[in-house]
$ cat data_35.cif   # mmCIF, C-alpha atoms and all ligand atoms
data_final
loop_
_atom_site.label_atom_id
_atom_site.label_comp_id
_atom_site.auth_asym_id
_atom_site.auth_seq_id
_atom_site.Cartn_x
_atom_site.Cartn_y
_atom_site.Cartn_z
CA MET A 15 -5.55 -8.23 -15.15
CA LYS A 16 -6.56 -4.87 -16.44
CA TYR A 17 -3.75 -2.53 -17.30
CA VAL A 18 -4.00 0.48 -15.02
CA GLU A 19 -3.41 3.67 -16.96
CA PRO A 20 -0.55 5.83 -15.72
CA ALA A 21 -1.57 8.83 -13.68
CA PRO A 22 -2.37 11.93 -15.73
CA ILE A 23 0.76 13.58 -17.01
CA ASN A 24 0.25 16.75 -14.96
CA ARG A 25 0.61 14.83 -11.72
CA ASN A 26 3.92 15.17 -9.96
CA ASP A 27 5.20 11.63 -9.60
CA ASP A 28 7.54 12.63 -6.78
CA ASP A 29 4.76 14.02 -4.63
CA PRO A 30 3.42 11.26 -2.33
CA PHE A 31 0.04 12.96 -1.92
CA GLU A 32 -0.39 13.13 -5.69
CA SER A 33 0.59 9.46 -5.91
CA MET A 34 -2.02 8.62 -3.27
CA MET A 35 -4.64 10.67 -5.14
CA SER A 36 -3.94 8.91 -8.46
CA ARG A 37 -4.90 5.56 -6.92
CA PHE A 38 -7.78 7.09 -4.97
CA GLU A 39 -9.27 8.42 -8.20
CA ILE A 40 -9.11 5.03 -9.91
CA ALA A 41 -10.76 3.34 -6.91
CA ALA A 42 -13.40 6.08 -6.55
CA ASP A 43 -14.25 5.62 -10.18
CA ILE A 44 -14.71 1.85 -9.74
CA LEU A 45 -16.93 2.49 -6.70
CA GLY A 46 -18.89 5.20 -8.50
CA LEU A 47 -18.28 7.56 -5.57
CA ASP A 48 -20.30 10.78 -5.77
CA SER A 49 -18.28 13.98 -5.98
CA GLY A 50 -19.24 15.18 -2.48
CA THR A 51 -18.04 11.98 -0.83
CA PHE A 52 -14.93 12.08 -3.02
CA ASP A 53 -14.09 15.59 -1.78
CA TYR A 54 -14.85 14.67 1.81
CA LEU A 55 -12.58 11.63 1.77
CA LYS A 56 -9.65 13.25 0.03
CA THR A 57 -9.47 16.30 2.32
CA PRO A 58 -7.51 16.02 5.56
CA GLN A 59 -9.68 16.81 8.56
CA MET A 60 -7.06 18.81 10.43
CA GLN A 61 -3.52 20.00 9.78
CA VAL A 62 -1.46 21.38 12.64
CA THR A 63 2.01 22.91 12.56
CA VAL A 64 3.77 23.58 15.83
CA SER A 65 7.04 25.25 16.66
CA ILE A 66 9.30 23.35 19.01
CA PRO A 67 11.86 25.58 20.67
CA ILE A 68 14.35 23.73 22.84
CA LYS A 69 17.59 24.53 24.59
CA LEU A 70 20.35 22.37 23.06
CA ASP A 71 23.03 20.82 25.26
CA ASP A 72 25.42 23.66 24.39
CA GLY A 73 22.98 26.20 25.81
CA THR A 74 21.79 27.67 22.50
CA ILE A 75 18.13 27.74 21.53
CA LYS A 76 16.95 26.01 18.39
CA VAL A 77 13.43 26.03 16.97
CA PHE A 78 12.22 22.88 15.21
CA GLU A 79 9.02 22.44 13.27
CA GLY A 80 6.51 19.70 13.97
CA LEU A 81 3.42 18.55 12.08
CA ARG A 82 0.39 16.47 12.86
CA ILE A 83 -2.15 15.83 10.15
CA ILE A 84 -5.40 14.03 10.82
CA HIS A 85 -6.76 12.72 7.58
CA SER A 86 -9.91 11.04 8.89
CA SER A 87 -11.69 10.00 12.05
CA VAL A 88 -14.74 8.65 10.25
CA ARG A 89 -14.13 5.06 11.38
CA GLY A 90 -12.80 5.93 14.84
CA PRO A 91 -10.02 7.87 16.56
CA SER A 92 -7.22 8.73 14.17
CA LYS A 93 -4.12 6.56 14.30
CA GLY A 94 -0.64 6.89 12.91
CA GLY A 95 3.02 7.23 13.66
CA ILE A 96 5.41 10.12 14.12
CA ARG A 97 8.61 10.34 12.10
CA PHE A 98 11.77 12.29 12.84
CA HIS A 99 13.50 13.12 9.57
CA PRO A 100 15.11 16.16 7.91
CA ASP A 101 12.92 15.73 4.79
CA VAL A 102 9.54 15.66 6.56
CA ASN A 103 7.11 17.96 4.71
CA VAL A 104 3.39 18.69 4.47
CA GLN A 105 2.72 16.79 1.22
CA GLU A 106 4.45 13.71 2.58
CA VAL A 107 2.67 13.77 5.94
CA LYS A 108 -0.68 14.39 4.21
CA ALA A 109 -0.17 11.29 2.08
CA LEU A 110 1.02 9.22 5.02
CA ALA A 111 -2.04 10.28 7.03
CA ALA A 112 -4.40 9.24 4.22
CA TRP A 113 -2.56 5.93 3.84
CA MET A 114 -3.19 5.29 7.55
CA THR A 115 -6.93 5.78 6.98
CA TRP A 116 -6.94 3.27 4.13
CA LYS A 117 -4.63 0.88 5.99
CA CYS A 118 -6.83 0.73 9.10
CA ALA A 119 -9.84 0.16 6.85
CA VAL A 120 -8.10 -2.64 4.91
CA VAL A 121 -7.42 -4.59 8.12
CA ASN A 122 -10.83 -3.50 9.43
CA ILE A 123 -9.75 -2.01 12.76
CA PRO A 124 -11.86 0.83 14.20
CA PHE A 125 -9.47 3.69 13.55
CA GLY A 126 -9.13 6.61 11.19
CA GLY A 127 -5.78 7.86 9.96
CA ALA A 128 -3.19 10.46 10.91
CA LYS A 129 0.53 11.06 10.74
CA GLY A 130 3.02 13.32 12.42
CA GLY A 131 6.55 14.41 11.88
CA ILE A 132 9.29 16.61 13.21
CA ILE A 133 11.79 18.13 10.81
CA CYS A 134 15.08 17.15 12.42
CA ASP A 135 18.03 14.84 12.03
CA PRO A 136 17.93 12.61 15.09
CA ARG A 137 21.50 11.42 14.41
CA LYS A 138 22.70 14.92 15.17
CA LEU A 139 20.79 15.21 18.44
CA THR A 140 21.65 13.90 21.89
CA LYS A 141 19.24 11.78 23.89
CA VAL A 142 18.48 14.74 26.17
CA GLU A 143 17.68 16.95 23.16
CA LEU A 144 15.49 14.25 21.63
CA GLU A 145 13.55 13.96 24.86
CA LYS A 146 13.01 17.74 24.99
CA ILE A 147 11.81 17.82 21.37
CA THR A 148 9.43 14.93 21.98
CA ARG A 149 7.98 16.43 25.14
CA ARG A 150 7.52 19.91 23.68
CA TYR A 151 5.87 18.47 20.56
CA THR A 152 3.52 16.44 22.76
CA GLY A 153 2.83 19.43 25.00
CA ASN A 154 1.89 21.50 21.95
CA LEU A 155 -0.50 18.80 20.76
CA LEU A 156 -2.26 18.03 24.04
CA ASP A 157 -5.61 19.06 22.60
CA VAL A 158 -5.10 16.94 19.49
CA PHE A 159 -3.88 13.68 21.05
CA GLY A 160 -6.03 11.47 23.26
CA PRO A 161 -7.00 7.81 23.51
CA GLU A 162 -10.39 8.58 21.96
CA ARG A 163 -9.08 11.29 19.62
CA ASP A 164 -5.74 10.75 17.99
CA ILE A 165 -3.20 8.09 18.94
CA PRO A 166 0.42 8.37 17.79
CA ALA A 167 2.91 5.51 17.39
CA PRO A 168 6.47 4.93 16.17
CA ASP A 169 7.51 5.51 12.56
CA VAL A 170 10.81 6.32 10.82
CA ASN A 171 13.50 7.11 13.47
CA THR A 172 11.17 6.96 16.45
CA ASP A 173 11.10 4.12 18.97
CA GLU A 174 9.67 2.74 22.21
CA GLN A 175 11.55 5.23 24.38
CA ILE A 176 10.10 8.17 22.47
CA MET A 177 6.59 6.70 22.86
CA GLY A 178 7.27 6.37 26.60
CA TRP A 179 8.09 10.12 26.78
CA ILE A 180 4.89 10.95 24.88
CA MET A 181 2.84 8.85 27.30
CA ASP A 182 4.50 10.47 30.30
CA THR A 183 4.14 14.06 29.03
CA TYR A 184 0.47 13.58 28.21
CA SER A 185 -0.17 11.79 31.54
CA MET A 186 1.57 14.52 33.58
CA HIS A 187 -0.73 17.14 32.07
CA ILE A 188 -3.97 15.25 32.57
CA ARG A 189 -2.90 14.17 36.07
CA HIS A 190 -3.22 10.44 35.64
CA THR A 191 -1.44 7.72 33.70
CA GLU A 192 -3.05 7.37 30.29
CA SER A 193 -1.30 4.53 28.51
CA ALA A 194 -3.81 4.28 25.62
CA VAL A 195 -2.80 7.73 24.29
CA VAL A 196 0.11 6.25 22.33
CA THR A 197 1.11 2.77 21.11
CA GLY A 198 4.46 1.14 20.56
CA LYS A 199 5.46 1.86 24.17
CA PRO A 200 8.04 -0.12 26.15
CA GLY A 201 6.63 -3.39 27.54
CA ASN A 202 6.65 -2.28 31.15
CA LEU A 203 4.76 0.92 30.34
CA GLY A 204 1.82 -0.91 28.78
CA GLY A 205 3.37 -1.76 25.43
CA SER A 206 1.98 -4.89 23.79
CA ALA A 207 3.97 -8.08 23.50
CA GLY A 208 4.95 -8.47 19.86
CA ARG A 209 4.44 -4.80 18.87
CA ARG A 210 8.07 -4.04 18.02
CA LYS A 211 8.30 -6.96 15.62
CA ALA A 212 4.75 -6.68 14.27
CA THR A 213 5.41 -4.76 11.04
CA GLY A 214 8.29 -7.03 9.98
CA ARG A 215 6.34 -10.10 10.97
CA GLY A 216 3.40 -8.84 8.93
CA VAL A 217 5.69 -8.39 5.92
CA ARG A 218 6.58 -12.08 6.19
CA ILE A 219 2.94 -13.15 6.66
CA VAL A 220 1.72 -11.36 3.53
CA SER A 221 4.81 -12.55 1.62
CA GLU A 222 3.82 -16.14 2.35
CA ALA A 223 0.32 -15.44 1.05
CA ALA A 224 1.76 -13.83 -2.09
CA MET A 225 4.15 -16.72 -2.68
CA GLU A 226 1.26 -19.14 -2.39
CA GLN A 227 -0.69 -17.04 -4.88
CA ILE A 228 1.97 -17.37 -7.56
CA GLY A 229 3.11 -20.89 -6.60
CA LEU A 230 6.53 -20.01 -5.21
CA GLN A 231 8.16 -22.13 -2.50
CA PRO A 232 9.36 -20.13 0.54
CA GLU A 233 12.37 -22.43 1.04
CA GLY A 234 15.29 -20.93 -0.79
CA ALA A 235 13.27 -18.03 -2.22
CA LYS A 236 15.64 -15.14 -2.89
CA ILE A 237 14.77 -11.96 -0.99
CA SER A 238 16.17 -8.42 -1.31
CA ILE A 239 15.31 -5.99 1.44
CA GLN A 240 15.86 -2.26 1.31
CA GLY A 241 16.09 -0.71 4.77
CA PHE A 242 17.42 -2.40 7.90
CA GLY A 243 15.42 -0.62 10.58
CA ASN A 244 12.49 -1.83 12.61
CA VAL A 245 10.69 -3.15 9.54
CA GLY A 246 13.46 -4.44 7.24
CA ALA A 247 15.65 -6.10 9.86
CA VAL A 248 12.76 -7.91 11.52
CA ALA A 249 11.41 -8.99 8.12
CA ALA A 250 14.90 -10.33 7.28
CA GLU A 251 14.92 -12.40 10.47
CA GLU A 252 11.45 -13.70 9.76
CA PHE A 253 12.34 -14.64 6.17
CA SER A 254 15.41 -16.54 7.40
CA GLU A 255 13.24 -18.42 9.89
CA ILE A 256 11.00 -19.78 7.13
CA GLY A 257 14.01 -20.94 5.13
CA ALA A 258 14.05 -18.16 2.55
CA LYS A 259 17.41 -16.74 1.46
CA VAL A 260 17.96 -13.04 2.12
CA VAL A 261 20.46 -12.11 -0.59
CA ALA A 262 20.58 -8.34 -0.07
CA ILE A 263 20.03 -5.83 2.72
CA SER A 264 20.72 -2.10 2.98
CA ASP A 265 20.57 1.04 5.07
CA VAL A 266 21.77 4.65 4.65
CA THR A 267 25.35 3.39 4.33
CA GLY A 268 24.46 1.44 1.14
CA GLY A 269 23.51 -2.07 0.03
CA TYR A 270 25.10 -5.41 0.90
CA TYR A 271 24.71 -8.34 -1.48
CA ASN A 272 25.55 -12.01 -1.07
CA PRO A 273 23.99 -14.42 -3.58
CA ALA A 274 24.68 -17.32 -1.20
CA GLY A 275 22.51 -15.67 1.47
CA ILE A 276 23.30 -13.18 4.23
CA ASP A 277 23.65 -14.30 7.84
CA ILE A 278 21.00 -12.01 9.34
CA GLU A 279 22.00 -12.59 12.96
CA HIS A 280 25.50 -11.50 12.02
CA ALA A 281 24.15 -8.37 10.30
CA ILE A 282 22.09 -7.46 13.37
CA ARG A 283 25.11 -7.96 15.64
CA HIS A 284 27.23 -5.87 13.28
CA ARG A 285 24.64 -3.07 13.29
CA LYS A 286 24.62 -3.07 17.09
CA GLU A 287 28.41 -2.77 17.23
CA ASN A 288 28.44 0.04 14.64
CA ASP A 289 26.22 2.70 16.09
CA GLY A 290 23.05 1.27 14.56
CA LEU A 291 24.46 1.14 11.00
CA LEU A 292 25.62 -1.60 8.64
CA THR A 293 28.86 0.28 7.81
CA ASP A 294 31.42 -2.05 6.17
CA PHE A 295 29.36 -5.15 6.88
CA PRO A 296 31.63 -8.08 5.99
CA GLY A 297 30.29 -11.24 4.39
CA ALA A 298 28.61 -9.39 1.54
CA GLU A 299 29.56 -7.37 -1.48
CA LYS A 300 28.93 -3.62 -1.23
CA ILE A 301 26.39 -2.30 -3.74
CA SER A 302 24.28 0.85 -3.92
CA ASN A 303 20.76 1.18 -2.62
CA GLU A 304 19.60 1.72 -6.22
CA ALA A 305 21.33 -1.43 -7.47
CA LEU A 306 19.67 -3.44 -4.72
CA LEU A 307 16.27 -2.68 -6.19
CA GLU A 308 17.28 -4.05 -9.57
CA LEU A 309 18.74 -7.37 -8.40
CA GLU A 310 17.60 -10.73 -9.71
CA CYS A 311 15.39 -12.07 -6.89
CA ASP A 312 11.99 -13.57 -6.07
CA ILE A 313 10.83 -10.97 -3.57
CA LEU A 314 11.84 -7.34 -3.29
CA ALA A 315 10.80 -5.70 -0.03
CA PRO A 316 11.34 -1.93 0.04
CA CYS A 317 11.23 -1.16 3.79
CA ALA A 318 12.66 2.36 3.95
CA LEU A 319 11.20 5.53 2.46
CA GLU A 320 8.87 6.76 -0.29
CA ASN A 321 9.32 6.94 -4.07
CA VAL A 322 12.23 4.50 -4.41
CA ILE A 323 10.46 2.57 -7.19
CA ASN A 324 9.52 5.17 -9.77
CA ARG A 325 9.12 5.78 -13.49
CA LYS A 326 12.90 5.82 -13.93
CA ASN A 327 13.72 2.39 -12.51
CA ALA A 328 10.44 0.41 -12.48
CA ASP A 329 11.24 -1.19 -15.80
CA LYS A 330 14.52 -2.55 -14.44
CA ILE A 331 13.00 -4.42 -11.53
CA LYS A 332 13.42 -8.17 -11.82
CA ALA A 333 11.61 -9.43 -8.72
CA LYS A 334 8.49 -11.58 -9.11
CA ILE A 335 6.84 -10.05 -6.07
CA ILE A 336 7.18 -6.64 -4.40
CA ILE A 337 6.17 -6.41 -0.75
CA GLU A 338 5.87 -2.79 0.37
CA GLY A 339 7.16 -2.75 3.95
CA ALA A 340 7.60 1.02 3.65
CA ASN A 341 4.79 3.51 3.12
CA GLY A 342 4.60 4.77 -0.45
CA PRO A 343 7.78 3.17 -1.86
CA THR A 344 6.22 2.95 -5.35
CA THR A 345 5.05 6.01 -7.25
CA ALA A 346 1.78 6.01 -9.19
CA LYS A 347 3.56 6.09 -12.54
CA ALA A 348 5.62 3.04 -11.58
CA ASP A 349 2.42 1.06 -10.84
CA ALA A 350 1.52 0.80 -14.50
CA ILE A 351 5.04 -0.26 -15.50
CA LEU A 352 5.10 -3.00 -12.85
CA ASP A 353 1.63 -4.19 -13.93
CA LYS A 354 2.81 -4.52 -17.49
CA LYS A 355 5.78 -6.58 -16.36
CA GLY A 356 3.43 -8.91 -14.47
CA ILE A 357 5.00 -8.25 -11.05
CA LEU A 358 2.71 -8.97 -8.11
CA VAL A 359 2.80 -5.90 -5.85
CA VAL A 360 1.43 -6.27 -2.33
CA PRO A 361 0.66 -2.62 -1.50
CA ASP A 362 1.85 -0.79 1.61
CA ILE A 363 -1.64 -0.39 3.06
CA LEU A 364 -1.79 -4.18 3.34
CA ALA A 365 1.87 -5.23 3.46
CA ASN A 366 2.91 -3.08 6.41
CA ALA A 367 -0.41 -3.13 8.27
CA GLY A 368 0.96 -5.56 10.87
CA GLY A 369 2.30 -2.62 12.89
CA VAL A 370 -0.95 -0.76 13.26
CA SER A 371 -2.84 -4.01 13.81
CA VAL A 372 -0.78 -4.74 16.91
CA SER A 373 -1.05 -1.05 17.86
CA TYR A 374 -4.79 -1.66 17.92
CA PHE A 375 -4.24 -4.70 20.16
CA GLU A 376 -2.08 -2.54 22.42
CA TRP A 377 -4.76 0.13 22.68
CA VAL A 378 -7.40 -2.53 23.48
CA GLN A 379 -5.18 -4.08 26.17
CA ASN A 380 -4.47 -0.66 27.70
CA ARG A 381 -8.17 0.08 27.87
CA ILE A 382 -9.18 -3.25 29.41
CA GLY A 383 -6.07 -3.33 31.61
CA TYR A 384 -5.38 -6.97 30.83
CA TYR A 385 -2.41 -8.16 28.80
CA TRP A 386 -2.14 -10.96 26.26
CA SER A 387 0.78 -13.30 25.67
CA GLU A 388 2.98 -12.82 22.61
CA ASP A 389 1.60 -16.06 21.16
CA ASP A 390 -1.89 -14.70 21.53
CA VAL A 391 -0.92 -11.42 19.82
CA ASN A 392 0.87 -13.22 16.99
CA GLU A 393 -2.04 -15.54 16.38
CA ARG A 394 -4.43 -12.57 16.13
CA LEU A 395 -1.98 -10.79 13.83
CA GLN A 396 -1.75 -13.82 11.57
CA ARG A 397 -5.54 -14.01 11.38
CA ILE A 398 -6.10 -10.30 10.70
CA LEU A 399 -3.52 -10.18 7.90
CA THR A 400 -4.43 -13.40 6.14
CA GLU A 401 -8.08 -12.36 6.15
CA ALA A 402 -7.17 -8.90 4.83
CA TYR A 403 -4.98 -10.43 2.14
CA ALA A 404 -7.82 -12.70 1.01
CA SER A 405 -10.30 -9.79 0.94
CA VAL A 406 -7.94 -7.60 -1.09
CA ARG A 407 -7.24 -10.42 -3.51
CA LYS A 408 -10.96 -11.05 -3.93
CA ARG A 409 -11.55 -7.36 -4.63
CA SER A 410 -8.76 -7.17 -7.18
CA GLU A 411 -10.11 -10.25 -8.95
CA LYS A 412 -13.66 -8.95 -8.88
CA HIS A 413 -12.73 -5.65 -10.55
CA ASN A 414 -9.88 -7.11 -12.58
CA VAL A 415 -7.34 -4.66 -11.16
CA ASN A 416 -4.03 -5.00 -9.33
CA MET A 417 -3.81 -5.65 -5.58
CA ARG A 418 -3.19 -1.97 -4.81
CA ILE A 419 -6.37 -0.80 -6.46
CA GLY A 420 -8.19 -3.77 -4.91
CA ALA A 421 -7.01 -2.59 -1.48
CA TYR A 422 -8.01 1.03 -2.15
CA VAL A 423 -11.47 -0.07 -3.33
CA LEU A 424 -11.99 -2.17 -0.20
CA ALA A 425 -10.76 0.60 2.11
CA ILE A 426 -12.57 3.50 0.48
CA GLU A 427 -15.79 1.55 0.41
CA ARG A 428 -15.52 0.83 4.13
CA VAL A 429 -14.81 4.48 4.98
CA ALA A 430 -17.52 5.77 2.63
CA ASN A 431 -20.05 3.37 4.19
CA ALA A 432 -19.18 4.56 7.69
CA LEU A 433 -19.53 8.15 6.53
CA LYS A 434 -22.92 7.44 5.05
CA LEU A 435 -24.13 5.88 8.28
CA ARG A 436 -22.77 8.70 10.45
CA GLY A 437 -24.07 11.38 8.13
CA ILE A 438 -22.71 14.89 8.00
CA TYR A 439 -22.96 17.25 10.94
CA GLY A 440 -23.49 20.63 9.42
N1 LIG B 1 4.00 3.96 11.64
C1 LIG B 1 3.35 2.72 11.43
C2 LIG B 1 2.63 2.72 10.10
O1 LIG B 1 2.96 3.48 9.21
C3 LIG B 1 2.47 2.31 12.60
C4 LIG B 1 1.34 3.23 12.92
C5 LIG B 1 0.59 2.87 14.19
O2 LIG B 1 0.86 1.84 14.77
O3 LIG B 1 -0.27 3.66 14.57
O4 LIG B 1 1.76 1.93 9.85
#
$ encode --input "data_35.cif" --output "structure tokens"
Amino acid sequence: MKYVEPAPINRNDDDPFESMMSRFEIAADILGLDSGTFDYLKTPQMQVTVSIPIKLDDGTIKVFEGLRIIHSSVRGPSKGGIRFHPDVNVQEVKALAAWMTWKCAVVNIPFGGAKGGIICDPRKLTKVELEKITRRYTGNLLDVFGPERDIPAPDVNTDEQIMGWIMDTYSMHIRHTESAVVTGKPGNLGGSAGRRKATGRGVRIVSEAAMEQIGLQPEGAKISIQGFGNVGAVAAEEFSEIGAKVVAISDVTGGYYNPAGIDIEHAIRHRKENDGLLTDFPGAEKISNEALLELECDILAPCALENVINRKNADKIKAKIIIEGANGPTTAKADAILDKKGILVVPDILANAGGVSVSYFEWVQNRIGYYWSEDDVNERLQRILTEAYASVRKRSEKHNVNMRIGAYVLAIERVANALKLRGIYG
């Protein structure tokens, strides 16, 4: 495999949009993209900032800031989650929106890409306050959202209940129930069977393909997972079900390591009893989140936030395979270091695409008004991801590049082709 040169030195390795652009440039070069198309595809189509004033439970008024960035609607309505986090910022959301465009193109679903965020710490807010923030954000974005325009979904710290409030707020304004305006809803509000588990399940599906690629047996394979939220915890369950050994898990309280294998059901029960956190989880040794990344293991699955594998620690990673359950967990400068070490990296835009794939199924079911069984959904998910994996692998072999660049090439080509066929209005 060709050694991918590190990003130019002037790029800021901590800036997710710069990291996205570094890979985009390499792929555009392989595709021989003309400079006009290059500019078109790198520029977000729309960036909206909204203020969200709400009355807190103590009667005081607080103004939050919300963002929605639509990167592209070339291949269809834009699609992407909304995150609630104190560190949300424009550069991050811009990168996440672009990654959604590439992700939807990799799995070949008819969506563009977008992302949203609200700068807040949901742990410090009550349920009533969270509902007010969600509704005001949605109210401010009524002209942006829509089942044919821009369709939000869950992301970091947002869940089914929040999607239900978005659906209700939008529906109240347009005077009829519009379930297809948002995905990841509760089951009895039009949510798809299998949506909640889809991202974690997808992580397992692509992991099996990667293990097959390098000739690794799933039984007893040692897995370290960073993040124990909707992605990491479900992936842990799925890995246990196929007989792999999850040796480390983590969340904001730190890492938990047990070389004999962690009882995942126990960890999930413990999390439930401890306010959603793994605090003092027994049956494992306490380590740091950083140490978790450097453990001896077969698969490392970062399933939390961006930039955790970077130029400072990439050289210390001992896993054979990295499966990016999170968006942007590896910086562009780390890519080259991991390539040199011969680590197989399954990139975010393929590895965590199970979520948006089932979001697409949810949107389809909402629009036809007929609902599929979970088996049906899972079978379609399996098919979509194994086909995408094979296509990305083929691309990376064809151009002699890593799987990430293979995925970018495939995605950018699909978006550029759609753009060519649509033409430019103006
Ligand atoms: N937030 C998820 C992601 O990053 C899901 C997006 C969606 O379903 O629209 O892929």
$ atom_distance --input "data_35.cif" --atom1 "atom CA of Arg325 of chain A" --atom2 "atom CA of Gly356 of chain A"
15.8 Å
$ residues_near_ligand --input "data_35.cif" --ligand "ligand LIG 1 (chain B)" --cutoff "6 Å" --atoms "all atoms listed in the file" --output "list in words"
Lys93, Gly94, Gly95, Pro166, Ala167, Pro168, Asp169, Ala367, Gly369, Val370 and Ser373 of chain A
$ residues_around --input "data_35.cif" --residues "Val248 of chain A" --least-positions-apart "3" --cutoff "9 Å" --atoms "only C-alpha atoms" --output "list in words"
Arg210, Lys211, Ala212, Thr213, Gly214, Arg215, Phe242, Gly243, Asn244, Val245, Glu251, Glu252 and Phe253 of chain A
$ residues_around --input "data_35.cif" --residues "Val170 of chain A" --least-positions-apart "4" --cutoff "8 Å" --atoms "all atoms listed in the file" --output "PDB file with C-alpha atoms, in the coordinates of the input"
ATOM      1  CA  ILE A  96       5.410  10.120  14.120  1.00  0.00           C
ATOM      2  CA  ARG A  97       8.610  10.340  12.100  1.00  0.00           C
ATOM      3  CA  PHE A  98      11.770  12.290  12.840  1.00  0.00           C
ATOM      4  CA  HIS A  99      13.500  13.120   9.570  1.00  0.00           C
TER       5      HIS A  99
END
$ residues_around --input "data_35.cif" --residues "Ile278 of chain A" --least-positions-apart "4" --cutoff "10 Å" --atoms "all atoms listed in the file" --output "VMD selection string"
chain A and resid 247 to 248 250 to 254 259 to 261 263 282 to 284
$ atom_distance --input "data_35.cif" --atom1 "atom CA of Glu304 of chain A" --atom2 "atom CA of Ile40 of chain A"
29.1 Å
$ atom_distance --input "data_35.cif" --atom1 "atom CA of Val429 of chain A" --atom2 "atom CA of Ala119 of chain A"
6.8 Å
$ closest_residue --input "data_35.cif" --among "A:Gly204, A:Pro124, A:Pro161, A:Pro136" --to "Arg428 of chain A" --atoms "all atoms listed in the file"
A:Pro124
$ residues_around --input "data_35.cif" --residues "Thr115 of chain A" --least-positions-apart "5" --cutoff "12 Å" --atoms "all atoms listed in the file" --output "MDAnalysis selection string"
chainID A and resid 34 55:59 83:94 108:110 120:129 363:364 367 370 421:422 424:430
$ closest_atom_pairs --input "data_35.cif" --of "segment 183-239 of chain A" --to "segment 306-320 of chain A" --cutoff "9 Å" --atoms "all atoms listed in the file" --output "JSON lines"
{"residue": "A:Val217", "atom": "CA", "partner": "A:Ala315", "partner_atom": "CA", "distance": 8.3}
{"residue": "A:Ser221", "atom": "CA", "partner": "A:Ile313", "partner_atom": "CA", "distance": 8.1}
{"residue": "A:Met225", "atom": "CA", "partner": "A:Ile313", "partner_atom": "CA", "distance": 8.9}
{"residue": "A:Leu230", "atom": "CA", "partner": "A:Asp312", "partner_atom": "CA", "distance": 8.5}
{"residue": "A:Ala235", "atom": "CA", "partner": "A:Asp312", "partner_atom": "CA", "distance": 6.0}
{"residue": "A:Lys236", "atom": "CA", "partner": "A:Cys311", "partner_atom": "CA", "distance": 5.0}
{"residue": "A:Ile237", "atom": "CA", "partner": "A:Ile313", "partner_atom": "CA", "distance": 4.8}
{"residue": "A:Ser238", "atom": "CA", "partner": "A:Leu314", "partner_atom": "CA", "distance": 4.9}
{"residue": "A:Ile239", "atom": "CA", "partner": "A:Ala315", "partner_atom": "CA", "distance": 4.8}
$ axis_aligned_box --input "data_35.cif" --around "segment 65-71 of chain A" --padding-each-side "5 Å" --output "JSON"
{"center_x": 15.0, "center_y": 23.2, "center_z": 21.0, "size_x": 26.0, "size_y": 14.8, "size_z": 18.6}
$ closest_residue --input "data_35.cif" --among "A:Arg218, A:Arg189, A:Lys76, A:His413" --to "Gly339 of chain A" --atoms "all atoms listed in the file"
A:Arg218
$ closest_residue --input "data_35.cif" --among "A:Asn303, A:Thr140, A:Thr267, A:Asn366" --to "Cys118 of chain A" --atoms "all atoms listed in the file"
A:Asn366
$ closest_residue --input "data_35.cif" --among "A:Thr172, A:Ala112, A:Asp101, A:Val77" --to "Arg150 of chain A" --atoms "only C-alpha atoms"
A:Val77
$ closest_residue --input "data_35.cif" --among "A:Val220, A:Ile68, A:Leu203, A:Val158" --to "Val142 of chain A" --atoms "all atoms listed in the file"
A:Ile68
$ closest_residue --input "data_35.cif" --among "A:Arg418, A:Asp71, A:Ser371, A:Leu399" --to "Thr345 of chain A" --atoms "all atoms listed in the file"
A:Arg418
$ residues_around --input "data_35.cif" --residues "Thr344 of chain A" --least-positions-apart "4" --cutoff "10 Å" --atoms "all atoms listed in the file" --output "VMD selection string"
chain A and resid 27 to 28 30 33 316 319 to 325 328 336 338 340 348 to 349 352 359 361 to 362
